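J.: Supplied structure: protein09.cif, mmCIF, C-alpha atoms.
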```
data_target
loop_
_atom_site.label_atom_id
_atom_site.label_comp_id
_atom_site.auth_asym_id
_atom_site.auth_seq_id
_atom_site.Cartn_x
_atom_site.Cartn_y
_atom_site.Cartn_z
CA MET D 1 -61.13 40.93 -47.15
CA GLU D 2 -60.44 41.37 -50.85
CA ASN D 3 -56.78 40.91 -51.83
CA GLY D 4 -55.97 40.22 -48.18
CA VAL D 5 -53.14 37.89 -49.19
CA TYR D 6 -51.24 40.80 -50.78
CA LEU D 7 -51.94 43.16 -47.88
CA PHE D 8 -50.88 40.77 -45.13
CA GLY D 9 -48.12 39.35 -47.33
CA ALA D 10 -46.55 42.81 -47.69
CA TYR D 11 -46.70 43.53 -43.93
CA THR D 12 -45.37 40.06 -43.07
CA ILE D 13 -42.44 40.29 -45.50
CA ALA D 14 -41.54 43.80 -44.28
CA TRP D 15 -41.54 42.79 -40.62
CA LEU D 16 -39.72 39.55 -41.31
CA GLY D 17 -37.11 41.57 -43.20
CA VAL D 18 -36.55 43.99 -40.32
CA SER D 19 -36.59 41.17 -37.73
CA PHE D 20 -34.07 39.15 -39.77
CA TYR D 21 -31.78 42.19 -39.99
CA LEU D 22 -31.93 42.63 -36.20
CA TYR D 23 -31.44 38.90 -35.55
CA ILE D 24 -28.38 38.61 -37.84
CA ASN D 25 -26.74 41.67 -36.29
CA ALA D 26 -27.54 40.62 -32.72
CA LYS D 27 -26.02 37.19 -33.41
CA LYS D 28 -22.95 38.78 -34.99
CA GLN D 29 -22.57 41.10 -32.00
CA LYS D 30 -22.74 38.21 -29.57
CA GLY D 31 -20.03 36.34 -31.47
CA ILE D 32 -17.75 39.38 -31.63
CA GLU D 33 -18.24 40.16 -27.93
CA GLU D 34 -17.24 36.59 -27.03
CA ARG D 35 -14.15 36.87 -29.26
CA LEU D 36 -13.30 40.22 -27.64
CA THR D 37 -13.49 38.74 -24.14
CA ASP D 38 -11.21 35.87 -25.23
CA LEU D 39 -8.67 38.21 -26.82
CA GLU D 40 -8.68 40.56 -23.83
CA ALA D 41 -7.99 37.60 -21.52
CA GLN D 42 -5.21 36.38 -23.80
CA LEU D 43 -3.66 39.84 -23.90
CA LYS D 44 -3.77 40.05 -20.10
CA ASP D 45 -2.01 36.69 -19.84
CA LYS D 46 0.62 37.83 -22.30
CA GLU D 47 1.32 40.93 -20.27
CA MET X 48 -23.09 53.59 -22.48
CA LYS X 49 -25.07 56.60 -23.67
CA THR X 50 -25.80 54.78 -26.95
CA ASP X 51 -27.02 51.70 -25.05
CA ARG X 52 -29.45 53.84 -23.08
CA THR X 53 -30.74 55.56 -26.21
CA ILE X 54 -31.21 52.18 -27.92
CA THR X 55 -33.22 50.92 -24.93
CA ILE X 56 -35.40 54.06 -24.86
CA LEU X 57 -36.07 53.81 -28.61
CA PHE X 58 -36.85 50.10 -28.28
CA PHE X 59 -39.54 50.76 -25.65
CA LEU X 60 -40.86 53.69 -27.65
CA LEU X 61 -41.20 51.38 -30.67
CA LEU X 62 -42.96 48.79 -28.50
CA VAL X 63 -45.70 51.39 -28.02
CA MET X 64 -45.61 53.01 -31.46
CA MET X 65 -45.61 49.85 -33.61
CA PRO X 66 -48.83 48.24 -32.29
CA LEU X 67 -50.49 51.66 -32.27
CA ASP X 68 -49.43 52.16 -35.89
CA PHE X 69 -50.95 48.78 -36.84
CA PHE X 70 -54.14 49.67 -34.99
CA LEU X 71 -54.42 53.00 -36.81
CA ILE X 72 -53.68 51.45 -40.22
CA PHE X 73 -56.06 48.48 -39.92
CA ARG X 74 -58.79 49.87 -37.64
CA VAL X 75 -58.89 53.68 -37.84
CA ALA X 76 -57.88 54.55 -41.43
CA PRO X 77 -60.89 54.40 -43.78
CA THR X 78 -60.95 51.94 -46.66
CA GLU X 79 -60.10 53.50 -49.99
CA LYS X 80 -63.10 53.33 -52.33
CA VAL X 81 -61.41 52.23 -55.56
CA MET X 82 -58.51 50.05 -54.37
CA GLY X 83 -60.13 48.65 -51.24
CA ASP X 84 -58.14 47.28 -48.31
CA VAL X 85 -54.99 46.63 -50.33
CA GLN X 86 -54.41 50.42 -50.35
CA ARG X 87 -53.31 50.03 -46.69
CA ILE X 88 -49.98 48.74 -48.05
CA PHE X 89 -49.20 52.38 -48.80
CA TYR X 90 -48.79 53.31 -45.12
CA LEU X 91 -46.00 50.75 -44.94
CA HIS X 92 -44.59 51.35 -48.42
CA VAL X 93 -44.26 55.14 -48.06
CA SER X 94 -42.90 54.85 -44.50
CA LEU X 95 -40.23 52.39 -45.65
CA ALA X 96 -39.36 54.81 -48.46
CA LEU X 97 -38.92 57.58 -45.87
CA GLY X 98 -36.62 55.28 -43.86
CA ALA X 99 -34.55 54.56 -46.98
CA PHE X 100 -34.38 58.28 -47.77
CA LEU X 101 -33.17 59.12 -44.24
CA ALA X 102 -30.56 56.36 -44.40
CA PHE X 103 -29.21 57.38 -47.82
CA THR X 104 -29.11 61.01 -46.66
CA GLY X 105 -26.98 59.75 -43.76
CA VAL X 106 -24.61 58.11 -46.27
CA PHE X 107 -24.42 61.32 -48.30
CA VAL X 108 -23.76 63.66 -45.37
CA SER X 109 -21.25 61.41 -43.60
CA SER X 110 -19.43 60.73 -46.91
CA ILE X 111 -19.00 64.46 -47.55
CA ILE X 112 -17.76 65.06 -44.00
CA PHE X 113 -15.42 62.06 -44.31
CA LEU X 114 -13.78 63.44 -47.47
CA TRP X 115 -13.32 66.72 -45.65
CA LYS X 116 -12.24 65.59 -42.17
CA LYS X 117 -10.74 62.15 -43.08
CA LYS X 118 -12.07 60.55 -39.88
CA ILE X 119 -12.56 56.81 -40.31
CA VAL X 120 -15.52 56.73 -37.88
CA LEU X 121 -17.54 58.62 -40.51
CA ASP X 122 -17.00 55.72 -42.90
CA SER X 123 -18.59 53.42 -40.28
CA VAL X 124 -21.54 55.83 -40.07
CA ALA X 125 -21.91 55.82 -43.88
CA GLY X 126 -21.61 52.02 -44.11
CA THR X 127 -24.20 51.55 -41.37
CA CYS X 128 -26.63 53.99 -43.04
CA ALA X 129 -26.12 52.31 -46.43
CA GLY X 130 -27.02 48.91 -44.95
CA ILE X 131 -30.27 50.25 -43.55
CA GLY X 132 -30.98 52.07 -46.82
CA VAL X 133 -30.53 48.85 -48.81
CA LEU X 134 -32.75 46.94 -46.37
CA PHE X 135 -35.54 49.53 -46.60
CA SER X 136 -35.30 50.06 -50.36
CA THR X 137 -35.48 46.27 -50.89
CA LEU X 138 -38.65 46.24 -48.80
CA VAL X 139 -39.99 49.28 -50.71
CA LEU X 140 -39.58 47.35 -53.98
CA ILE X 141 -41.21 44.20 -52.55
CA THR X 142 -44.17 45.94 -50.90
CA GLY X 143 -44.72 48.10 -54.00
CA SER X 144 -44.77 44.97 -56.12
CA MET X 145 -47.31 43.34 -53.79
CA TRP X 146 -49.56 46.38 -54.18
CA ALA X 147 -49.08 46.48 -57.98
CA ARG X 148 -50.14 42.86 -58.54
CA PRO X 149 -53.83 43.31 -57.56
CA ILE X 150 -54.09 46.94 -58.73
CA TRP X 151 -52.07 47.04 -61.98
CA ASN X 152 -52.37 43.31 -62.59
CA VAL X 153 -48.57 42.98 -62.87
CA TRP X 154 -45.79 42.43 -60.31
CA TRP X 155 -43.50 44.86 -62.08
CA THR X 156 -43.64 47.51 -64.80
CA TRP X 157 -40.89 49.72 -66.20
CA ASP X 158 -42.42 52.90 -64.78
CA PRO X 159 -39.95 55.82 -64.24
CA ARG X 160 -40.49 55.82 -60.45
CA LEU X 161 -39.96 52.07 -60.16
CA LEU X 162 -36.98 52.13 -62.47
CA THR X 163 -35.23 54.97 -60.61
CA VAL X 164 -35.73 53.18 -57.27
CA LEU X 165 -34.29 50.00 -58.80
CA ILE X 166 -31.28 51.99 -60.06
CA LEU X 167 -30.84 53.42 -56.55
CA TRP X 168 -30.91 49.88 -55.14
CA PHE X 169 -28.26 48.71 -57.62
CA ILE X 170 -26.03 51.72 -56.84
CA TYR X 171 -25.94 50.85 -53.14
CA ILE X 172 -25.51 47.13 -53.83
CA GLY X 173 -22.49 48.24 -55.88
CA TYR X 174 -21.40 50.35 -52.89
CA PHE X 175 -21.21 47.19 -50.75
CA LEU X 176 -19.48 45.15 -53.47
CA LEU X 177 -16.85 47.88 -53.65
CA ARG X 178 -16.41 47.91 -49.87
CA GLY X 179 -15.97 44.16 -49.86
CA GLY X 180 -13.34 44.29 -52.58
CA ILE X 181 -10.85 46.76 -51.04
CA ALA X 182 -8.59 45.64 -48.20
CA ASP X 183 -7.02 49.00 -47.33
CA LYS X 184 -9.30 50.67 -44.80
CA PHE X 185 -8.67 54.27 -45.81
CA LYS X 186 -8.86 53.60 -49.56
CA LYS X 187 -12.09 51.67 -49.02
CA ALA X 188 -13.54 54.60 -47.10
CA GLN X 189 -12.48 57.10 -49.78
CA TYR X 190 -13.93 55.15 -52.73
CA SER X 191 -17.10 54.35 -50.76
CA ALA X 192 -17.58 58.04 -49.94
CA VAL X 193 -17.35 58.96 -53.63
CA ILE X 194 -19.92 56.29 -54.60
CA GLY X 195 -22.12 57.34 -51.66
CA ILE X 196 -22.15 60.95 -52.84
CA ILE X 197 -22.66 60.14 -56.55
CA GLY X 198 -25.40 57.60 -55.70
CA TYR X 199 -27.35 60.22 -53.80
CA VAL X 200 -27.90 62.14 -57.06
CA ASP X 201 -30.55 59.50 -57.85
CA ILE X 202 -32.69 60.56 -54.83
CA PRO X 203 -34.12 63.77 -56.39
CA VAL X 204 -34.57 61.82 -59.64
CA VAL X 205 -36.68 59.25 -57.72
CA ARG X 206 -38.64 62.07 -56.07
CA TYR X 207 -39.42 63.94 -59.31
CA ALA X 208 -39.65 60.95 -61.68
CA THR X 209 -43.46 61.12 -61.57
CA LYS X 210 -43.31 64.81 -62.54
CA TRP X 211 -40.61 64.69 -65.21
CA TRP X 212 -41.84 61.63 -67.11
CA ASN X 213 -45.17 59.96 -67.80
CA SER X 214 -45.71 57.80 -64.75
CA ILE X 215 -48.58 55.63 -63.57
CA HIS X 216 -47.22 55.57 -60.01
CA PRO X 217 -49.72 57.16 -57.56
CA LEU X 218 -48.84 60.58 -56.16
CA LEU X 219 -49.16 61.20 -52.46
CA SER X 220 -47.50 64.38 -51.41
CA GLN X 221 -47.52 66.45 -54.57
CA GLU X 222 -51.26 66.88 -54.90
CA GLY X 223 -51.73 67.52 -51.15
CA GLY X 224 -55.49 67.69 -50.93
CA GLY X 225 -56.06 64.22 -52.45
CA LEU X 226 -55.72 62.32 -49.19
CA ASP X 227 -58.56 61.92 -46.69
CA PRO X 228 -57.76 63.85 -43.43
CA VAL X 229 -57.87 60.67 -41.31
CA MET X 230 -55.65 58.85 -43.83
CA LYS X 231 -53.25 61.80 -43.71
CA LYS X 232 -53.01 61.63 -39.89
CA VAL X 233 -52.46 57.86 -39.97
CA MET X 234 -49.80 58.30 -42.66
CA LEU X 235 -48.02 60.96 -40.56
CA PHE X 236 -48.01 58.68 -37.50
CA SER X 237 -46.69 55.84 -39.63
CA LEU X 238 -43.92 58.06 -40.99
CA ALA X 239 -42.97 59.10 -37.44
CA THR X 240 -42.88 55.44 -36.32
CA PHE X 241 -40.58 54.47 -39.17
CA ALA X 242 -38.35 57.48 -38.57
CA VAL X 243 -37.87 56.23 -34.98
CA LEU X 244 -37.28 52.69 -36.31
CA THR X 245 -34.61 53.99 -38.69
CA ILE X 246 -32.76 55.77 -35.87
CA PHE X 247 -33.08 52.65 -33.68
CA LEU X 248 -31.66 50.39 -36.42
CA PHE X 249 -28.86 52.86 -37.07
CA LEU X 250 -27.75 53.00 -33.42
CA PHE X 251 -28.11 49.23 -33.08
CA ARG X 252 -25.92 48.53 -36.14
CA PHE X 253 -23.48 51.35 -35.45
CA ARG X 254 -22.75 49.94 -31.99
CA LEU X 255 -21.81 46.67 -33.71
CA ALA X 256 -19.56 48.51 -36.18
CA ARG X 257 -17.70 50.08 -33.22
CA ILE X 258 -17.27 46.69 -31.54
CA GLU X 259 -15.92 45.29 -34.83
CA GLU X 260 -13.36 48.10 -34.90
CA ARG X 261 -12.34 47.34 -31.30
CA LEU X 262 -11.81 43.70 -32.27
CA GLU X 263 -9.60 44.73 -35.20
CA ILE X 264 -7.44 46.89 -32.91
CA LEU X 265 -7.12 44.09 -30.37
CA LYS X 266 -6.19 41.59 -33.09
CA LYS X 267 -3.44 43.91 -34.28
CA LYS X 268 -2.18 44.31 -30.69
CA MET X 269 -2.02 40.52 -30.35
CA GLU X 270 -0.04 40.19 -33.57
CA ASP X 271 2.46 42.79 -32.35
#
```
Rewrite the structure from the file as C-alpha cells, please.

T.:
Amino acid sequence: MENGVYLFGAYTIAWLGVSFYLYINAKKQKGIEERLTDLEAQLKDKE
Amino acid sequence: MKTDRTITILFFLLLVMMPLDFFLIFRVAPTEKVMGDVQRIFYLHVSLALGAFLAFTGVFVSSIIFLWKKKIVLDSVAGTCAGIGVLFSTLVLITGSMWARPIWNVWWTWDPRLLTVLILWFIYIGYFLLRGGIADKFKKAQYSAVIGIIGYVDIPVVRYATKWWNSIHPLLSQEGGGLDPVMKKVMLFSLATFAVLTIFLFLFRFRLARIEERLEILKKKMED
C-alpha cells in the first residue's frame, strides 16, 4: 500500500489520542471516587 | 444513574459502529484515483472536525445560557465541551498534516483553512489557561463564557476560509457532486459514528466534572 505509513499513522494517533483521553479521565474518576468515600466516612465519624 | 445507563448504551453502540466504520473505510470505500489509499485519512479527518464543531457549539450554547441564567452547572458543560473540542481539533491538525505530507509534500502550509483551525485551537487553549488562572468559581465561569462565545466566531471563518480566500485545501461539502456515491455513504456513516463518540465522551467527562463538584462541596463541609 502506497503511503501506508501516513494512513495507518493517522488512524493510530487519532485512536491513541481518544484512548489516552478516556484513560486519564477514568483514572482521575477512580481517584476522586476513592477520596469521596474517605471523606464521606470521615464526615460520618465526625457526626 | 440515568447518565450511567446512557454512557453504557453509547459504549456498546460504539463497539458495533467503530469496527463497522473501519470495515467500510478500508474495505468498502473505493480507492481514490489520484491520491490513492492515503485519501482514506479524510473519513477520519472530516469526522474529527465534525466532533470538534459539535463540541465547540456546545461551549457556545452553554456559555450564552450561563450568562443569562447564571447556573454554574452550565460552566461545567462548557468546560467539558471545550476539552473534547481541543482534543478533536488537535487530532484534526495532526491527521491533516499526515495527509498533507505525501500529497502536498509538506507537513504544514500557511493555507487559510489550516491557519484558521490553528487560531481556533489557540483560542481554546487560551480558554483553559484562563480557567486555570482564576480561583473564584463564578468569575472563572463568567470570563470563560465570554471567551467561549468570542472564540466561536472563528467557526464560520474556518468553514468559509476556502471560499473567501485562495485555498489549496480540498473541498468536500461545497461542491456536492464531486464525491463518489459509495464514498459519500461511507463518509456519512463515519460522521454518524463520530457524532455518537462525541456525545459518549461528553457524558463520560461531564460525569467526572459532577463528581469533582461533589468532592469540593464535601471538602468545604469538612472544613466547616

J.: Name the residues in contact with D:Leu43 at a cut-off of 12 Å, using all atoms listed in the file, excluding same-chain residues fewer than 6 positions from it; report them as a PDB file with C-alpha atoms, in the coordinates of the input.

T.:
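Wrote it out as around.pdb, contents follow:
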```pdb
ATOM      1  CA  LEU D  36     -13.300  40.220 -27.640  1.00  0.00           C
ATOM      2  CA  THR D  37     -13.490  38.740 -24.140  1.00  0.00           C
TER       3      THR D  37
ATOM      4  CA  LEU X 265      -7.120  44.090 -30.370  1.00  0.00           C
ATOM      5  CA  LYS X 266      -6.190  41.590 -33.090  1.00  0.00           C
ATOM      6  CA  LYS X 267      -3.440  43.910 -34.280  1.00  0.00           C
ATOM      7  CA  LYS X 268      -2.180  44.310 -30.690  1.00  0.00           C
ATOM      8  CA  MET X 269      -2.020  40.520 -30.350  1.00  0.00           C
ATOM      9  CA  GLU X 270      -0.040  40.190 -33.570  1.00  0.00           C
ATOM     10  CA  ASP X 271       2.460  42.790 -32.350  1.00  0.00           C
TER      11      ASP X 271
END
```

J.: Using the chain letters and numbers from the file, give me the residues hit by the PyMOL selection byres ((chain X) within 7 of (chain D)), as a list in words.

T.: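 Evaluating the PyMOL selection byres ((chain X) within 7 of (chain D)) on these coordinates yields Asp84, Val85, Ile88, Leu138, Thr142, Met145, Trp146, Pro149, Arg252, Leu255, Glu259, Leu262 and Met269 of chain X.
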
J.: Quick one: residues within 12 Å of X:Pro203, all atoms listed in the file counted, chain neighbours fewer than 6 positions away excluded, as a ChimeraX atom specification?

T.: /X:100,103-104,160,163-164,167,209-211

J.: So that I have them on file, write out the residues from the current selection with C-alpha atoms, as a PDB file, keeping the file's coordinate frame.

T.:
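Final output, saved to selection.pdb:
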```
ATOM      1  CA  PHE X 100     -34.380  58.280 -47.770  1.00  0.00           C
ATOM      2  CA  PHE X 103     -29.210  57.380 -47.820  1.00  0.00           C
ATOM      3  CA  THR X 104     -29.110  61.010 -46.660  1.00  0.00           C
ATOM      4  CA  ARG X 160     -40.490  55.820 -60.450  1.00  0.00           C
ATOM      5  CA  THR X 163     -35.230  54.970 -60.610  1.00  0.00           C
ATOM      6  CA  VAL X 164     -35.730  53.180 -57.270  1.00  0.00           C
ATOM      7  CA  LEU X 167     -30.840  53.420 -56.550  1.00  0.00           C
ATOM      8  CA  THR X 209     -43.460  61.120 -61.570  1.00  0.00           C
ATOM      9  CA  LYS X 210     -43.310  64.810 -62.540  1.00  0.00           C
ATOM     10  CA  TRP X 211     -40.610  64.690 -65.210  1.00  0.00           C
TER      11      TRP X 211
END
```

J.: Any idea what's packed within 12 Å of X:Lys184, counting only C-alpha atoms, ignoring anything in its chain fewer than 5 positions away? Could you give it as a list in words?

T.: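 Answer for this query is Lys117, Lys118, Ile119, Val120, Asp122, Ser123, Leu177, Arg178, Gly179, Gln189, Tyr190, Ser191, Glu260 and Glu263 of chain X.
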
J.: Put the listed atoms of stretch 13-27 of chain D in a box along x, y and z with 4 Å added on every side and give me the centre and edge lengths in Å to one decimal, as lines of an AutoDock Vina configuration file.

T.:
```
center_x = -34.2
center_y = 40.6
center_z = -39.1
size_x = 24.4
size_y = 14.8
size_z = 20.8
```

J.: For X:Arg52, find every residue with an atom within 12 Å (counting only C-alpha atoms), except residues of its own chain fewer than 5 positions away, and show them as a PDB file with C-alpha atoms, in the frame of the given file.

T.:
```
ATOM      1  CA  LEU X  57     -36.070  53.810 -28.610  1.00  0.00           C
ATOM      2  CA  PHE X  58     -36.850  50.100 -28.280  1.00  0.00           C
ATOM      3  CA  PHE X  59     -39.540  50.760 -25.650  1.00  0.00           C
ATOM      4  CA  PHE X 247     -33.080  52.650 -33.680  1.00  0.00           C
ATOM      5  CA  LEU X 250     -27.750  53.000 -33.420  1.00  0.00           C
ATOM      6  CA  PHE X 251     -28.110  49.230 -33.080  1.00  0.00           C
ATOM      7  CA  ARG X 254     -22.750  49.940 -31.990  1.00  0.00           C
TER       8      ARG X 254
END
```

J.: Find the distance between atom CA of X:Ile246 and atom CA of X:Gly132 and write it in Å to one decimal.

T.: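 Straight-line distance from atom CA of X:Ile246 to atom CA of X:Gly132 works out to 11.7 Å.
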
J.: Go through X:Val200, X:Gly143, X:Ala125, X:Ile112 and flag the residue nearest X:Phe175, using all atoms listed in the file for the distances.

T.: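 Answer, going by the shortest atom-to-atom distance: X:Ala125.
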
J.: Grab the atom CA of X:Ile141 to atom CA of X:Ile170 distance for me, in Å with one decimal place.

T.: 17.5 Å

J.: List the spatial neighbours of X:Cys128 as an MDAnalysis selection string - criterion: any atom at most 8 Å away, all atoms listed in the file, same-chain residues fewer than 5 positions off excluded.

T.: chainID X and resid 102:103 105:106 249

J.: Please indicate the distance in Å from atom CA of X:Lys49 to atom CA of X:Lys116, rounded to one decimal place.

T.: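 Going from atom CA of X:Lys49 over to atom CA of X:Lys116 covers 24.2 Å.
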
J.: In terms of the shortest atom-to-atom distance over all atoms listed in the file, which of X:Leu226, X:Leu162, X:Leu248, X:Ile150 is closest to X:Ala129?

T.: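 Nearest candidate to X:Ala129 out of X:Leu226, X:Leu162, X:Leu248, X:Ile150: X:Leu248.
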